[in-house]
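Text of model-v2.cif (mmCIF, C-alpha atoms and all ligand atoms) as supplied:
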data_run
#
loop_
_atom_site.label_atom_id
_atom_site.label_comp_id
_atom_site.auth_asym_id
_atom_site.auth_seq_id
_atom_site.Cartn_x
_atom_site.Cartn_y
_atom_site.Cartn_z
CA MET A 19 2.76 25.66 -13.41
CA ASN A 20 2.63 22.65 -11.13
CA THR A 21 0.99 23.88 -7.95
CA TRP A 22 1.15 20.55 -6.10
CA SER A 23 3.81 20.55 -3.42
CA GLY A 24 2.89 17.58 -1.29
CA LEU A 25 0.37 16.47 1.29
CA ILE A 26 1.43 18.64 4.18
CA ASP A 27 1.23 21.78 2.11
CA ARG A 28 -2.19 20.75 0.81
CA TYR A 29 -3.82 19.53 4.02
CA ARG A 30 -1.74 20.78 6.97
CA SER A 31 -4.58 22.19 9.10
CA ARG A 32 -6.37 18.82 8.94
CA LEU A 33 -3.30 16.85 10.03
CA GLU A 34 -2.41 16.26 13.66
CA ILE A 35 1.23 17.17 13.34
CA SER A 36 3.12 20.28 14.32
CA GLN A 37 1.56 23.19 12.46
CA THR A 38 4.89 25.00 12.28
CA ALA A 39 7.21 22.16 11.22
CA GLU A 40 8.93 22.60 7.90
CA ALA A 41 7.63 19.86 5.59
CA VAL A 42 10.00 17.11 4.48
CA THR A 43 8.38 16.23 1.18
CA LEU A 44 8.98 14.60 -2.17
CA PHE A 45 5.64 15.97 -3.45
CA GLU A 46 3.89 12.70 -2.61
CA GLY A 47 0.16 12.08 -3.02
CA ASN A 48 -2.15 13.42 -5.72
CA THR A 49 -2.05 9.98 -7.37
CA PRO A 50 -4.48 9.15 -10.19
CA LEU A 51 -7.86 7.54 -9.65
CA LEU A 52 -8.09 5.58 -12.88
CA PRO A 53 -11.36 4.31 -14.30
CA ALA A 54 -10.99 0.60 -15.12
CA PRO A 55 -13.84 -0.17 -17.53
CA ARG A 56 -12.46 -3.37 -19.07
CA LEU A 57 -11.56 -5.06 -15.81
CA GLY A 58 -14.71 -3.62 -14.22
CA ALA A 59 -16.96 -5.21 -16.87
CA GLU A 60 -15.44 -8.59 -16.01
CA ILE A 61 -15.37 -8.45 -12.25
CA VAL A 62 -18.11 -6.05 -11.15
CA PRO A 63 -20.82 -6.41 -13.83
CA GLY A 64 -23.35 -3.60 -13.50
CA GLY A 65 -20.98 -1.64 -11.28
CA LYS A 66 -18.07 0.76 -11.81
CA LEU A 67 -14.45 0.13 -10.93
CA PHE A 68 -11.73 2.68 -10.19
CA LEU A 69 -8.10 2.13 -9.27
CA LYS A 70 -6.29 4.42 -6.82
CA TYR A 71 -2.79 3.99 -8.23
CA GLU A 72 -0.62 4.58 -5.19
CA GLY A 73 2.38 3.03 -6.92
CA LEU A 74 2.86 6.44 -8.55
CA ASN A 75 4.07 8.00 -5.31
CA PRO A 76 7.73 9.16 -5.32
CA THR A 77 9.25 5.93 -3.99
CA GLY A 78 6.64 3.73 -5.65
CA SER A 79 4.22 3.02 -2.81
CA PHE A 80 1.53 4.54 -0.59
CA LYS A 81 4.02 4.59 2.28
CA ASP A 82 5.24 8.02 1.16
CA ARG A 83 2.00 9.57 2.42
CA GLY A 84 2.70 8.54 5.99
CA MET A 85 6.42 9.06 5.70
CA THR A 86 6.23 12.75 4.83
CA THR A 87 4.32 13.35 8.08
CA ALA A 88 6.34 10.93 10.23
CA ILE A 89 9.73 12.27 9.14
CA THR A 90 8.57 15.89 9.26
CA GLN A 91 7.36 15.40 12.84
CA ALA A 92 10.41 13.39 13.95
CA TYR A 93 12.80 16.01 12.57
CA HIS A 94 10.80 18.84 14.11
CA GLU A 95 11.00 17.11 17.50
CA GLY A 96 14.78 16.96 17.21
CA SER A 97 15.42 13.39 16.02
CA ARG A 98 18.27 12.98 13.59
CA SER A 99 17.95 9.22 13.05
CA VAL A 100 15.03 6.94 12.31
CA ILE A 101 14.39 3.20 12.32
CA CYS A 102 11.70 0.86 11.04
CA ALA A 103 10.96 -2.79 10.37
CA SER A 104 9.65 -3.46 6.92
CA THR A 105 8.62 -5.92 4.27
CA GLY A 106 10.30 -3.45 1.90
CA ASN A 107 8.18 -0.46 0.96
CA THR A 108 8.30 1.27 4.32
CA ALA A 109 12.06 0.77 4.26
CA ALA A 110 12.49 2.43 0.87
CA SER A 111 10.18 5.28 1.81
CA ALA A 112 11.80 5.91 5.20
CA ALA A 113 15.22 5.84 3.56
CA ALA A 114 14.22 8.42 0.94
CA TYR A 115 12.56 10.87 3.34
CA ALA A 116 15.40 10.50 5.84
CA ALA A 117 17.86 11.31 3.05
CA ARG A 118 15.75 14.33 2.12
CA ALA A 119 15.92 15.58 5.71
CA GLY A 120 19.60 14.74 6.17
CA MET A 121 18.82 12.12 8.82
CA SER A 122 20.31 8.66 9.19
CA CYS A 123 18.03 5.67 8.66
CA ALA A 124 18.18 2.01 9.70
CA VAL A 125 15.77 -0.53 8.28
CA LEU A 126 15.19 -4.14 9.39
CA VAL A 127 13.92 -6.45 6.68
CA PRO A 128 13.25 -10.20 6.67
CA ASP A 129 16.31 -11.82 5.14
CA GLY A 130 15.66 -12.98 1.55
CA LYS A 131 11.94 -12.10 1.70
CA ILE A 132 11.92 -8.62 0.25
CA ALA A 133 11.37 -7.73 -3.39
CA LEU A 134 14.38 -6.54 -5.36
CA GLY A 135 13.10 -3.04 -6.20
CA LYS A 136 12.49 -2.28 -2.54
CA LEU A 137 15.93 -3.42 -1.46
CA ALA A 138 17.41 -1.44 -4.35
CA GLY A 139 15.58 1.68 -3.20
CA ALA A 140 16.60 1.38 0.43
CA LEU A 141 20.24 0.87 -0.59
CA ALA A 142 20.20 3.67 -3.16
CA TYR A 143 18.82 6.18 -0.65
CA GLY A 144 21.66 5.27 1.68
CA ALA A 145 19.85 3.45 4.47
CA HIS A 146 21.61 1.08 6.83
CA VAL A 147 19.89 -2.13 5.72
CA ILE A 148 19.83 -4.92 8.29
CA ALA A 149 18.50 -8.34 7.22
CA ILE A 150 17.09 -10.36 10.09
CA GLN A 151 16.65 -14.10 10.15
CA GLY A 152 13.04 -13.80 11.15
CA THR A 153 9.72 -12.33 10.08
CA PHE A 154 8.49 -8.76 9.81
CA ASP A 155 6.76 -9.33 13.15
CA ASP A 156 10.11 -10.15 14.80
CA GLY A 157 11.56 -7.00 13.24
CA LEU A 158 8.74 -4.81 14.53
CA ARG A 159 9.18 -6.14 18.05
CA MET A 160 12.91 -5.41 17.82
CA VAL A 161 12.62 -1.85 16.52
CA ARG A 162 9.95 -0.96 19.08
CA GLU A 163 12.30 -1.93 21.85
CA ALA A 164 15.34 -0.38 20.17
CA ALA A 165 13.52 2.97 19.87
CA GLU A 166 12.79 2.86 23.60
CA ARG A 167 16.38 2.09 24.50
CA ALA A 168 18.21 4.35 22.03
CA PRO A 169 17.64 7.92 20.79
CA ILE A 170 16.12 6.93 17.47
CA ALA A 171 12.63 7.69 16.14
CA LEU A 172 10.37 4.81 15.15
CA VAL A 173 8.60 5.43 11.83
CA ASN A 174 6.49 2.29 11.49
CA SER A 175 2.73 2.84 11.32
CA VAL A 176 2.49 2.41 15.11
CA ASN A 177 3.75 6.01 15.01
CA PRO A 178 0.54 8.11 14.93
CA ALA A 179 2.07 10.67 12.55
CA ARG A 180 2.13 7.96 9.86
CA LEU A 181 -1.65 7.60 9.84
CA GLN A 182 -2.04 11.37 9.65
CA GLY A 183 -0.42 11.37 6.21
CA GLN A 184 -1.99 8.14 5.05
CA LYS A 185 -5.54 9.26 5.84
CA THR A 186 -5.28 11.89 3.08
CA ALA A 187 -5.74 9.15 0.48
CA ALA A 188 -9.38 8.85 1.58
CA TRP A 189 -9.91 12.56 0.96
CA GLU A 190 -8.29 12.37 -2.45
CA VAL A 191 -10.53 9.46 -3.47
CA THR A 192 -13.66 11.44 -2.60
CA GLU A 193 -12.36 14.61 -4.27
CA GLN A 194 -11.46 12.75 -7.46
CA LEU A 195 -14.64 10.72 -7.63
CA GLY A 196 -16.88 13.63 -6.63
CA GLU A 197 -18.56 11.32 -4.09
CA VAL A 198 -17.76 8.63 -1.55
CA PRO A 199 -17.47 5.18 -3.19
CA ASP A 200 -19.75 2.35 -2.08
CA TRP A 201 -16.81 0.05 -1.44
CA LEU A 202 -13.11 0.63 -0.82
CA CYS A 203 -11.04 -2.53 -1.37
CA LEU A 204 -7.48 -2.92 -0.19
CA PRO A 205 -4.80 -5.38 0.94
CA VAL A 206 -4.23 -5.73 4.67
CA GLY A 207 -0.84 -6.49 6.20
CA ASN A 208 0.09 -4.62 9.34
CA ALA A 209 -3.34 -2.93 9.09
CA GLY A 210 -2.06 0.67 9.12
CA ASN A 211 -3.56 1.57 5.77
CA ILE A 212 -7.08 0.29 6.41
CA SER A 213 -7.05 2.14 9.75
CA ALA A 214 -5.82 5.32 8.06
CA TYR A 215 -8.45 5.24 5.30
CA TRP A 216 -11.17 4.78 7.89
CA LEU A 217 -9.83 7.68 9.93
CA GLY A 218 -9.80 9.86 6.80
CA PHE A 219 -13.33 8.98 5.71
CA THR A 220 -14.63 9.35 9.25
CA GLU A 221 -13.09 12.79 9.67
CA ALA A 222 -14.52 13.91 6.33
CA GLY A 223 -18.17 13.29 7.13
CA GLU A 224 -21.15 11.06 7.71
CA GLU A 225 -21.01 9.26 4.43
CA ARG A 226 -18.41 6.52 4.37
CA PRO A 227 -17.67 3.54 2.15
CA ARG A 228 -17.88 -0.08 3.17
CA LEU A 229 -14.39 -1.53 3.57
CA LEU A 230 -13.32 -4.74 1.88
CA GLY A 231 -10.00 -5.95 3.26
CA ALA A 232 -8.06 -8.85 1.81
CA GLN A 233 -5.22 -10.87 3.30
CA ALA A 234 -3.08 -13.56 1.72
CA ALA A 235 -4.31 -17.01 2.79
CA GLY A 236 -0.92 -17.93 4.30
CA ALA A 237 -0.81 -14.69 6.30
CA ALA A 238 -4.41 -14.03 7.32
CA PRO A 239 -4.45 -13.51 11.09
CA ILE A 240 -7.34 -11.04 11.04
CA VAL A 241 -9.47 -13.41 8.98
CA THR A 242 -8.77 -16.46 11.14
CA GLY A 243 -8.55 -14.58 14.46
CA LYS A 244 -5.20 -16.18 15.24
CA VAL A 245 -1.60 -14.97 15.15
CA VAL A 246 0.31 -16.68 12.33
CA GLU A 247 3.78 -17.59 13.62
CA GLN A 248 5.22 -18.39 10.20
CA PRO A 249 3.33 -16.32 7.63
CA GLU A 250 3.86 -17.44 4.03
CA THR A 251 2.87 -15.83 0.72
CA LYS A 252 4.52 -14.76 -2.49
CA ALA A 253 2.96 -11.35 -1.86
CA THR A 254 5.87 -10.56 0.45
CA ALA A 255 4.71 -7.02 1.31
CA ILE A 256 1.85 -8.50 3.34
CA ARG A 257 3.69 -11.48 4.78
CA ILE A 258 2.70 -10.49 8.32
CA GLY A 259 1.36 -12.72 11.09
CA ASN A 260 0.58 -10.32 13.93
CA PRO A 261 -0.59 -6.91 12.66
CA ALA A 262 0.14 -3.95 14.92
CA ARG A 263 -3.19 -2.28 14.19
CA TRP A 264 -5.27 -5.45 14.31
CA GLY A 265 -7.85 -4.09 16.79
CA GLN A 266 -8.24 -0.82 14.91
CA ALA A 267 -8.77 -2.69 11.63
CA LEU A 268 -11.50 -4.80 13.21
CA GLU A 269 -13.21 -1.66 14.48
CA ALA A 270 -13.03 -0.04 11.03
CA LEU A 271 -14.42 -3.19 9.40
CA ASP A 272 -17.22 -3.36 11.93
CA GLN A 273 -18.15 0.33 11.75
CA SER A 274 -18.15 0.29 7.96
CA ASN A 275 -20.25 -2.85 7.79
CA GLY A 276 -17.37 -4.18 5.72
CA HIS A 277 -15.71 -7.52 5.47
CA ILE A 278 -12.32 -9.16 5.35
CA LEU A 279 -11.40 -12.35 3.57
CA ALA A 280 -8.40 -14.45 2.60
CA VAL A 281 -7.30 -15.03 -0.98
CA THR A 282 -4.80 -17.59 -2.24
CA ASP A 283 -1.57 -16.66 -3.99
CA ASP A 284 -3.08 -18.00 -7.23
CA GLU A 285 -6.03 -15.62 -6.84
CA ILE A 286 -3.65 -12.74 -6.10
CA PHE A 287 -1.59 -13.46 -9.22
CA ASP A 288 -4.70 -13.83 -11.36
CA ALA A 289 -5.79 -10.32 -10.29
CA TYR A 290 -2.23 -9.02 -10.81
CA HIS A 291 -2.15 -10.27 -14.41
CA ARG A 292 -5.65 -9.04 -15.22
CA LEU A 293 -4.84 -5.52 -13.98
CA ALA A 294 -1.78 -5.34 -16.21
CA ARG A 295 -3.25 -7.01 -19.27
CA LEU A 296 -6.73 -5.50 -19.27
CA GLU A 297 -5.96 -2.04 -17.96
CA GLY A 298 -2.23 -1.47 -18.48
CA VAL A 299 -1.79 -0.99 -14.76
CA PHE A 300 1.24 -2.74 -13.31
CA CYS A 301 1.19 -3.07 -9.56
CA GLU A 302 3.09 -5.34 -7.23
CA PRO A 303 1.45 -8.67 -6.30
CA SER A 304 0.42 -7.56 -2.79
CA SER A 305 -1.38 -4.58 -4.29
CA ALA A 306 -3.55 -6.85 -6.41
CA THR A 307 -4.81 -8.54 -3.24
CA GLY A 308 -7.66 -6.04 -2.82
CA VAL A 309 -8.79 -6.73 -6.38
CA ALA A 310 -8.53 -10.49 -5.75
CA GLY A 311 -10.67 -10.04 -2.64
CA LEU A 312 -13.26 -8.12 -4.65
CA ILE A 313 -13.36 -10.79 -7.37
CA LYS A 314 -13.86 -13.50 -4.77
CA SER A 315 -16.53 -11.55 -2.89
CA VAL A 316 -18.56 -10.96 -6.06
CA THR A 317 -18.11 -14.54 -7.27
CA THR A 318 -19.25 -16.02 -3.98
CA GLY A 319 -22.21 -13.63 -3.80
CA SER A 320 -21.14 -11.80 -0.65
CA VAL A 321 -20.96 -8.49 -2.57
CA ASP A 322 -23.58 -7.46 -5.15
CA PRO A 323 -21.91 -5.17 -7.71
CA GLU A 324 -25.08 -3.88 -9.35
CA GLY A 325 -25.07 -0.07 -9.48
CA LYS A 326 -22.14 0.18 -7.07
CA ILE A 327 -18.91 2.16 -7.24
CA PHE A 328 -15.78 0.27 -6.23
CA VAL A 329 -12.37 1.78 -5.56
CA CYS A 330 -9.46 -0.66 -5.33
CA VAL A 331 -6.29 0.74 -3.79
CA LEU A 332 -3.17 -0.39 -5.66
CA THR A 333 -0.61 0.17 -2.95
CA GLY A 334 2.71 -0.31 -4.77
CA HIS A 335 4.23 -0.19 -8.27
CA GLY A 336 4.87 -3.38 -10.24
CA LEU A 337 8.52 -2.49 -10.78
CA LYS A 338 9.08 -2.97 -7.07
CA ASP A 339 9.02 -6.69 -7.70
CA PRO A 340 10.51 -7.46 -11.11
CA ASP A 341 11.07 -11.13 -10.22
CA SER A 342 7.34 -11.73 -9.82
CA ALA A 343 6.69 -10.18 -13.23
CA VAL A 344 9.31 -12.24 -15.03
CA GLU A 345 8.73 -15.55 -13.22
CA GLY A 346 5.99 -17.53 -14.84
CA ALA A 347 5.86 -15.30 -17.95
CA ALA A 348 6.97 -16.71 -21.31
CA PRO A 349 10.56 -15.60 -21.91
CA PRO A 350 11.27 -13.23 -24.83
CA ILE A 351 11.88 -14.91 -28.18
CA SER A 352 15.46 -14.40 -29.37
CA ILE A 353 15.95 -13.89 -33.12
CA SER A 354 18.69 -12.74 -35.50
CA PRO A 355 18.40 -9.15 -36.84
CA SER A 356 16.37 -10.31 -39.85
CA VAL A 357 12.94 -8.96 -40.87
CA ASP A 358 11.97 -12.33 -42.40
CA GLU A 359 12.62 -13.97 -39.10
CA LEU A 360 10.74 -11.18 -37.32
CA LEU A 361 7.67 -11.65 -39.55
CA SER A 362 7.79 -15.39 -38.98
CA VAL A 363 7.52 -15.00 -35.22
CA LEU A 364 4.95 -12.16 -35.10
CA LYS A 365 1.52 -13.14 -33.84
CA LEU A 366 -0.89 -10.83 -35.67
N1 LIG A 401 0.55 -3.22 0.02
C1 LIG A 401 1.86 -2.98 0.00
C2 LIG A 401 2.52 -2.82 -1.33
C3 LIG A 401 2.60 -2.89 1.21
O1 LIG A 401 3.90 -2.64 1.15
C4 LIG A 401 1.93 -3.06 2.42
C5 LIG A 401 2.65 -3.00 3.69
C6 LIG A 401 0.55 -3.30 2.39
C7 LIG A 401 -0.10 -3.37 1.18
C8 LIG A 401 -0.25 -3.47 3.63
O2 LIG A 401 -0.44 -2.28 4.29
O3 LIG A 401 0.58 -2.90 6.45
O4 LIG A 401 -0.79 -0.85 6.23
O5 LIG A 401 -1.86 -3.09 6.14
N2 LIG A 401 3.89 -2.91 3.77
C9 LIG A 401 4.62 -2.68 5.02
C10 LIG A 401 6.09 -2.42 4.73
C11 LIG A 401 4.38 -3.68 6.06
O6 LIG A 401 6.94 -2.68 5.57
O7 LIG A 401 6.39 -1.91 3.66
P1 LIG A 401 -0.64 -2.26 5.87
#
Can you present the structure in this file as structure tokens?
Amino acid sequence: MNTWSGLIDRYRSRLEISQTAEAVTLFEGNTPLLPAPRLGAEIVPGGKLFLKYEGLNPTGSFKDRGMTTAITQAYHEGSRSVICASTGNTAASAAAYAARAGMSCAVLVPDGKIALGKLAGALAYGAHVIAIQGTFDDGLRMVREAAERAPIALVNSVNPARLQGQKTAAWEVTEQLGEVPDWLCLPVGNAGNISAYWLGFTEAGEERPRLLGAQAAGAAPIVTGKVVEQPETKATAIRIGNPARWGQALEALDQSNGHILAVTDDEIFDAYHRLARLEGVFCEPSSATGVAGLIKSVTTGSVDPEGKIFVCVLTGHGLKDPDSAVEGAAPPISISPSVDELLSVLKL
């Protein structure tokens, strides 16, 4: 029998949410920590690489961890509608959990800059999808004010209940590995996830990993120390110029003796293809950013892989962004239904 029934059921006493609220859950969490020996041999020689495959959450991204707690808490406090700004994944997740709770949900997304699978999810779950002619950062400013002026709960990661769910990923990593990894590598956008992992590791004990955060070069405010007014990257999930949890991310990086760096879109896509082709793990481009950051850090000598355990968090599923997978790949070969023709095109 499957005994897993979601994060709240598993960890409730360690989560700062109402202890009596009825959980709104899609049985999120409990995602695999996959060994990645082939990719590991290439990128962290002498070390070990594991992938925390968060794309296997119910709506296809790590956002479900924070959404089960945020929606549970909002419903418990009497809210019947929620709102968020999103580059796509938060929108799909909020829409699904709101549907599960029977709440209404509005999501603000940057017009034309969200991957197809995320838009499809938000629409399918019945959210009110509003496309704004602006960036995620504009959207976040708008929903913060809207939630102050109207009776609607904000479920972006500025909501503390979000981090409560997301921090459980740190505990799962340690449980699955049997120890704390030396390095935890992940993409950084609005900086909720890096803050949540650090909170989780810190609450669990003395031993903590070093954090390696990676931002896309065209949207790297934490790396450069400057707000980016017009962030640009094909990794649209992290196309963010003014992260809400910027200060908290810097603190986590500092306390962990970690580091944060920028990687180009080409480096992101190189990591994205290597994950799929060497390990059979298909994540969305933004999710490969942590791996790209690790590759760059090892190549430039700022991280020595020898004898170290690395966990890269793959935040979202590859099917979220089918266009990125198809673009740039060789198109399928079209043939008639003839075996001779088939044998003539096979590459053996
Ligand atoms: N990876 C993916 C796939 C994401 O969707 C996000 C953020 C991140 C990484 C970065 O995480 O913001 O906590 O630093 N997506 C948000 C959204 C912004 O609206 O879905 P972060």
Neighbours of ligand LIG 401 (chain A) within 9 Å, counting only C-alpha atoms and all ligand atoms, as a ChimeraX atom specification? /A:72-73,78-81,102-111,127,136,154,174-175,204-214,233,253-258,261-263,267,301-308,331-335,338
For the residues selected in the previous step, produce a file with C-alpha atoms as a PDB file, in the frame of the given file.
ATOM      1  CA  GLU A  72      -0.620   4.580  -5.190  1.00  0.00           C
ATOM      2  CA  GLY A  73       2.380   3.030  -6.920  1.00  0.00           C
ATOM      3  CA  GLY A  78       6.640   3.730  -5.650  1.00  0.00           C
ATOM      4  CA  SER A  79       4.220   3.020  -2.810  1.00  0.00           C
ATOM      5  CA  PHE A  80       1.530   4.540  -0.590  1.00  0.00           C
ATOM      6  CA  LYS A  81       4.020   4.590   2.280  1.00  0.00           C
ATOM      7  CA  CYS A 102      11.700   0.860  11.040  1.00  0.00           C
ATOM      8  CA  ALA A 103      10.960  -2.790  10.370  1.00  0.00           C
ATOM      9  CA  SER A 104       9.650  -3.460   6.920  1.00  0.00           C
ATOM     10  CA  THR A 105       8.620  -5.920   4.270  1.00  0.00           C
ATOM     11  CA  GLY A 106      10.300  -3.450   1.900  1.00  0.00           C
ATOM     12  CA  ASN A 107       8.180  -0.460   0.960  1.00  0.00           C
ATOM     13  CA  THR A 108       8.300   1.270   4.320  1.00  0.00           C
ATOM     14  CA  ALA A 109      12.060   0.770   4.260  1.00  0.00           C
ATOM     15  CA  ALA A 110      12.490   2.430   0.870  1.00  0.00           C
ATOM     16  CA  SER A 111      10.180   5.280   1.810  1.00  0.00           C
ATOM     17  CA  VAL A 127      13.920  -6.450   6.680  1.00  0.00           C
ATOM     18  CA  LYS A 136      12.490  -2.280  -2.540  1.00  0.00           C
ATOM     19  CA  PHE A 154       8.490  -8.760   9.810  1.00  0.00           C
ATOM     20  CA  ASN A 174       6.490   2.290  11.490  1.00  0.00           C
ATOM     21  CA  SER A 175       2.730   2.840  11.320  1.00  0.00           C
ATOM     22  CA  LEU A 204      -7.480  -2.920  -0.190  1.00  0.00           C
ATOM     23  CA  PRO A 205      -4.800  -5.380   0.940  1.00  0.00           C
ATOM     24  CA  VAL A 206      -4.230  -5.730   4.670  1.00  0.00           C
ATOM     25  CA  GLY A 207      -0.840  -6.490   6.200  1.00  0.00           C
ATOM     26  CA  ASN A 208       0.090  -4.620   9.340  1.00  0.00           C
ATOM     27  CA  ALA A 209      -3.340  -2.930   9.090  1.00  0.00           C
ATOM     28  CA  GLY A 210      -2.060   0.670   9.120  1.00  0.00           C
ATOM     29  CA  ASN A 211      -3.560   1.570   5.770  1.00  0.00           C
ATOM     30  CA  ILE A 212      -7.080   0.290   6.410  1.00  0.00           C
ATOM     31  CA  SER A 213      -7.050   2.140   9.750  1.00  0.00           C
ATOM     32  CA  ALA A 214      -5.820   5.320   8.060  1.00  0.00           C
ATOM     33  CA  GLN A 233      -5.220 -10.870   3.300  1.00  0.00           C
ATOM     34  CA  ALA A 253       2.960 -11.350  -1.860  1.00  0.00           C
ATOM     35  CA  THR A 254       5.870 -10.560   0.450  1.00  0.00           C
ATOM     36  CA  ALA A 255       4.710  -7.020   1.310  1.00  0.00           C
ATOM     37  CA  ILE A 256       1.850  -8.500   3.340  1.00  0.00           C
ATOM     38  CA  ARG A 257       3.690 -11.480   4.780  1.00  0.00           C
ATOM     39  CA  ILE A 258       2.700 -10.490   8.320  1.00  0.00           C
ATOM     40  CA  PRO A 261      -0.590  -6.910  12.660  1.00  0.00           C
ATOM     41  CA  ALA A 262       0.140  -3.950  14.920  1.00  0.00           C
ATOM     42  CA  ARG A 263      -3.190  -2.280  14.190  1.00  0.00           C
ATOM     43  CA  ALA A 267      -8.770  -2.690  11.630  1.00  0.00           C
ATOM     44  CA  CYS A 301       1.190  -3.070  -9.560  1.00  0.00           C
ATOM     45  CA  GLU A 302       3.090  -5.340  -7.230  1.00  0.00           C
ATOM     46  CA  PRO A 303       1.450  -8.670  -6.300  1.00  0.00           C
ATOM     47  CA  SER A 304       0.420  -7.560  -2.790  1.00  0.00           C
ATOM     48  CA  SER A 305      -1.380  -4.580  -4.290  1.00  0.00           C
ATOM     49  CA  ALA A 306      -3.550  -6.850  -6.410  1.00  0.00           C
ATOM     50  CA  THR A 307      -4.810  -8.540  -3.240  1.00  0.00           C
ATOM     51  CA  GLY A 308      -7.660  -6.040  -2.820  1.00  0.00           C
ATOM     52  CA  VAL A 331      -6.290   0.740  -3.790  1.00  0.00           C
ATOM     53  CA  LEU A 332      -3.170  -0.390  -5.660  1.00  0.00           C
ATOM     54  CA  THR A 333      -0.610   0.170  -2.950  1.00  0.00           C
ATOM     55  CA  GLY A 334       2.710  -0.310  -4.770  1.00  0.00           C
ATOM     56  CA  HIS A 335       4.230  -0.190  -8.270  1.00  0.00           C
ATOM     57  CA  LYS A 338       9.080  -2.970  -7.070  1.00  0.00           C
TER      58      LYS A 338
END
Of the candidates A:Ser342, A:Ser99, A:Asn48, A:Ser362, which shows the shortest atom-to-atom distance to Gln184 in chain A, using only C-alpha atoms? A:Asn48
Compile the contact shell of Leu33 in chain A as number ranges by chain: residues with an atom at most 8 Å away, counting all atoms listed in the file, same-chain residues fewer than 4 positions apart removed. A: 26, 29, 182-183
Atoms kept (C-alpha atoms) for selection, written as an mmCIF file, in the coordinates of the input:
data_model
loop_
_atom_site.group_PDB
_atom_site.id
_atom_site.type_symbol
_atom_site.label_atom_id
_atom_site.label_comp_id
_atom_site.auth_asym_id
_atom_site.auth_seq_id
_atom_site.Cartn_x
_atom_site.Cartn_y
_atom_site.Cartn_z
ATOM 1 C CA ILE A 26 1.430 18.640 4.180
ATOM 2 C CA TYR A 29 -3.820 19.530 4.020
ATOM 3 C CA GLN A 182 -2.040 11.370 9.650
ATOM 4 C CA GLY A 183 -0.420 11.370 6.210
#
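Between CA of Lys244 in chain A and CA of Gln151 in chain A there is a distance of 22.5 Å.
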Can you sort out the box for range 205-224 of chain A, edges along x, y and z, all listed atoms in, 8 Å on every side, with centre and edge lengths in Å to one decimal, as JSON?
{"center_x": -10.5, "center_y": 3.7, "center_z": 5.4, "size_x": 37.2, "size_y": 36.4, "size_z": 25.0}
Nearest to Pro128 in chain A: which of A:Ala164, A:Ala41, A:Cys203, A:Ile148 is it, counting all atoms listed in the file? A:Ile148
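The gap separating CA of Gly311 in chain A from CA of Thr282 in chain A is 9.6 Å, in Å to one decimal.
Minimum atom-to-atom distances from A:Glu285, A:Asp200, A:Glu40, A:Asp156 to Ala232 in chain A were compared using only C-alpha atoms, and the lowest value belongs to A:Glu285.
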So how many Å separate CA of Thr317 in chain A and CA of Gly259 in chain A, to one decimal? 26.8 Å
Would you please work out which residue, of A:Ile353, A:Ala145, A:Ile240, A:Ile327, is nearest to Glu269 in chain A when using only C-alpha atoms?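 Smallest separation from Glu269 in chain A among the options: A:Ile240.
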Counting all atoms listed in the file, the residue of A:Gly130, A:Pro169, A:Gly64, A:Gly218 that sits nearest Arg98 in chain A: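 Closest to Arg98 in chain A of all the choices is A:Pro169.
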Counting only C-alpha atoms, the residue among A:Ile61, A:Leu337, A:Ala347, A:Val363 that lies closest to Leu134 in chain A is A:Leu337
Need to verify the contact set: Ala54 in chain A, 8 Å, all atoms listed in the file, exclusion of same-chain residues closer than 2 positions in sequence. Can you return it as an MDAnalysis selection string? chainID A and resid 52 56:58 66:69 297
Distance query range 118-123 of chain A at most 7 Å, all atoms listed in the file, self and fewer than 2 positions along chain excluded, as a short mmCIF file (atom, residue, chain, number, x, y, z; two decimals) with C-alpha atoms, in the frame of the given file:
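Okay, this is what ended up in out_37.cif:
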data_model
loop_
_atom_site.label_atom_id
_atom_site.label_comp_id
_atom_site.auth_asym_id
_atom_site.auth_seq_id
_atom_site.Cartn_x
_atom_site.Cartn_y
_atom_site.Cartn_z
CA VAL A 42 10.00 17.11 4.48
CA ARG A 98 18.27 12.98 13.59
CA SER A 99 17.95 9.22 13.05
CA VAL A 100 15.03 6.94 12.31
CA ILE A 101 14.39 3.20 12.32
CA ALA A 113 15.22 5.84 3.56
CA ALA A 114 14.22 8.42 0.94
CA TYR A 115 12.56 10.87 3.34
CA ALA A 116 15.40 10.50 5.84
CA VAL A 125 15.77 -0.53 8.28
CA ALA A 145 19.85 3.45 4.47
CA HIS A 146 21.61 1.08 6.83
#
Which residues come within 12 Å of Gly196 in chain A, counting only C-alpha atoms, excluding same-chain residues fewer than 4 positions away, as a PyMOL selection string? chain A and resi 51+189-192+327
